[in-house]
Amino acid sequence: MGDIVETKPYGSWPSPIDAALAAAHDGSPEWVGFVGGEAWWTEPRPQEGGRRTLVRGSTRESVLPAPWNVRSRVIEYGGQPWAGAVPADGGDPLLVFVHFDDQRLYRYEPGAEPRPLTPPGPRWADPWLLLDRGEVWCVLEEFTGDHPDDVRRVLAAVPLDGSAAGDRAAVRELTDDRHRFVTGPRLSHDGRRAAWLAWDHPRMPWDGTELLVGEVGDDGVLHRVRTVAGGTEESIAQVEWSTDDRLLYASDRSGWWNLYRDGSPLCRREEEFAGPLWKLGQRWFAPLDNGLIAVVHGRGSTALGILDAESGELVDAAGPWTEFTPALAAHGTRVVAVGASPRTAYEVIELDTASGRARVVGAAHRDPVDPAYYPEPQVRTFTGPGGREVHAHIHPPHHPGHTAPDGELPPYVVWAHGGPTSRVPLVLDLAIAYFTSRGIGVAEVNYGGSTGYGREYRNRLREQWGVVDVEDCAAVALALAEEGTADRARLAIRGGSAGGWTAAASLTRTDVYACGTIAYPVLDLTGWGTGETHDFESRYLESLIGPLAEVPERYAERSPSEHADRLTAPFLLLQGLDDVICPPVQCERFLARLDGRQVPHAYLTFAGEGHGFRRAETMVRALEAELALYAQVFGLTVPGIPELELLK
């Protein structure tokens, strides 16, 4: 390539980062854990139908061939799907895992075929393996009717001898079903008590949860269950037992998720030591045998630290990683975590707290192309309506061998994250590089309502979904145009799930964007809030919009499907046909109301895909179609991608 820099218009730069490369590197390792002293975890396999496999740390290889898919569907978003232990005699490890296709719990010993432990029908998550009892304790989710909310969830014990594989009655229920949602049990070291979290509609777990403790009776059932912390306005995100059997938990009672031990704060800071509990069993902290606690913490970005519970001293691990996921496990003085940075994808990292040394032990990042093609992001804070702060990551167009003609401003795409109670981390994402290396800028917006900035920032979205998120995204887009960073005439917005809602709402409520990409979205609040989604989020709109019975007009006024007549910008709509969270009927209703309005659009559906795309071929088609949309609308010359037919 040399030092020659060629001048070409933005959006037309040739790039080695194609859609297939971006798809191959989508996803991250997840659900780390120790089996004895050995780390195991799950990894995505986009090229194998989007399955997730179980990886053994000593070999760094998948131990389960296709089609085994280690993933739970409890609350649809799932949770910890496996657990393992080594027998007291030091024999081969024993593992249990949930297989996605049938949701049964299986027993697995390396070298042998998995054997089912549970009957077809019920779902399982967040297991705790108790070899001395010959059982695995976990969350049981069971549907009792045809409607999404005909469901019950309890803590249950599954025998390891396989006797429940054909007999539901062999499963012991440890609790009653008085609570709608529960996390898996955490047993004290003496085996006498169990702790878990619970909450009920209409709360989401980041609104308010209860920390429950029960005594393990001689009959193996949990008795004298009592609430020891939490409530309707206090979110407890995780609970564990310290080595001396005191309760450790993360609570946002101060306005920030901080750590507490038996109710006393361990490290008061205006930063987060936990986050939104979207999946059962997420772990932001892990106690070590020596009394120290490994923590994922930060304000915005996250770090891996070691907290001295006695002094409150917190020391962060050295290394290039600037973001960590809620996936921690500890054994002895060792901690395993999943971390990434703007220059590296997610890796499995082991920290030896005795030496302070951190090293990559799995899913090691390898640059698939010259890193000179990666974006060079900026962390920025913008001013939204009313002077409020809006956090964003700006990824300007970047190419080592190309620049744009003098005076030309680049097109920009605003990315609205899903959730909406979530945040976008600043990590290497080849889907972003796919655009920036071609000369299209990307602005990721952590709009009001995002996590990572305290409960007050999170609560900005209460009853304001479709307002604050739309305003904050627009504020970032317009600020970039006003300062001369972006071309005002070539702004787009894209998002999936709740981000798809924000993209659609932005196209129907503002004139900021020339086009948009909307993936597996919420489009009709009234339908979504009255049975068109799954149980977990079926009452979410009460906090995001307000109670339907009290403000029905607000549900209609905010819904993009009610305002198809306002839509003039071309758009791309992407939808998985197996999506039970944001089902295809939402898209179909939206398109029906557009009929005859002459708005250029494309609707691509994908059989076998649910909420969020996991198959490589799906991701390739979706990315290429998105780029093709921008090429048509922005007048870009982009060779090598299939043409996207826009219907009217």
# chains A, B, ... in the order shown; residues from 1 in each chain; ligands from 1
>>> closest_atom_pairs(of="range 383-491 of chain A", to="range 319-326 of chain A", cutoff="12 Å", atoms="only C-alpha atoms", output="JSON lines")
{"residue": "A:Arg423", "atom": "CA", "partner": "A:Thr325", "partner_atom": "CA", "distance": 11.6}
{"residue": "A:Val424", "atom": "CA", "partner": "A:Glu323", "partner_atom": "CA", "distance": 10.4}
{"residue": "A:Pro425", "atom": "CA", "partner": "A:Glu323", "partner_atom": "CA", "distance": 6.7}
{"residue": "A:Leu426", "atom": "CA", "partner": "A:Glu323", "partner_atom": "CA", "distance": 7.1}
{"residue": "A:Val427", "atom": "CA", "partner": "A:Glu323", "partner_atom": "CA", "distance": 7.0}
{"residue": "A:Leu428", "atom": "CA", "partner": "A:Glu323", "partner_atom": "CA", "distance": 10.4}
{"residue": "A:Gly452", "atom": "CA", "partner": "A:Glu323", "partner_atom": "CA", "distance": 11.7}
>>> atom_distance(atom1="CA of Thr508 in chain A", atom2="CA of Gly11 in chain A")
25.8 Å
>>> select_by_dssp(residues="range 468-553 of chain A", states="helix (DSSP H, G or I)", output="VMD selection string")
chain A and resid 468 to 482 498 to 509 525 to 528 541 to 544 552 to 553
>>> closest_atom_pairs(of="range 562-585 of chain A", to="range 526-535 of chain A", cutoff="8 Å", atoms="only C-alpha atoms", output="Markdown table")
| residue | atom | partner | partner_atom | distance |
| --- | --- | --- | --- | --- |
| A:Val580 | CA | A:Thr533 | CA | 6.1 |
| A:Ile581 | CA | A:Thr533 | CA | 4.8 |
| A:Cys582 | CA | A:Thr533 | CA | 6.2 |
| A:Pro583 | CA | A:Glu532 | CA | 7.1 |
>>> closest_atom_pairs(of="range 436-483 of chain A", to="range 242-261 of chain A", cutoff="7 Å", atoms="only C-alpha atoms", output="CSV")
residue,atom,partner,partner_atom,distance
A:Gly454,CA,A:Trp256,CA,4.9
A:Arg455,CA,A:Gly255,CA,5.0
A:Glu456,CA,A:Gly255,CA,6.8
>>> write_last_selection(atoms="C-alpha atoms", output="PDB file, in the first residue's frame")
ATOM      1  CA  GLY A 454     -26.509   5.857  37.767  1.00  0.00           C
ATOM      2  CA  ARG A 455     -30.213   5.412  38.499  1.00  0.00           C
ATOM      3  CA  GLU A 456     -31.087   9.064  37.855  1.00  0.00           C
TER       4      GLU A 456
END
>>> residues_around(residues="range 351-363 of chain A", least_positions_apart="4", cutoff="6 Å", atoms="only C-alpha atoms", output="ChimeraX atom specification")
/A:333-335,347
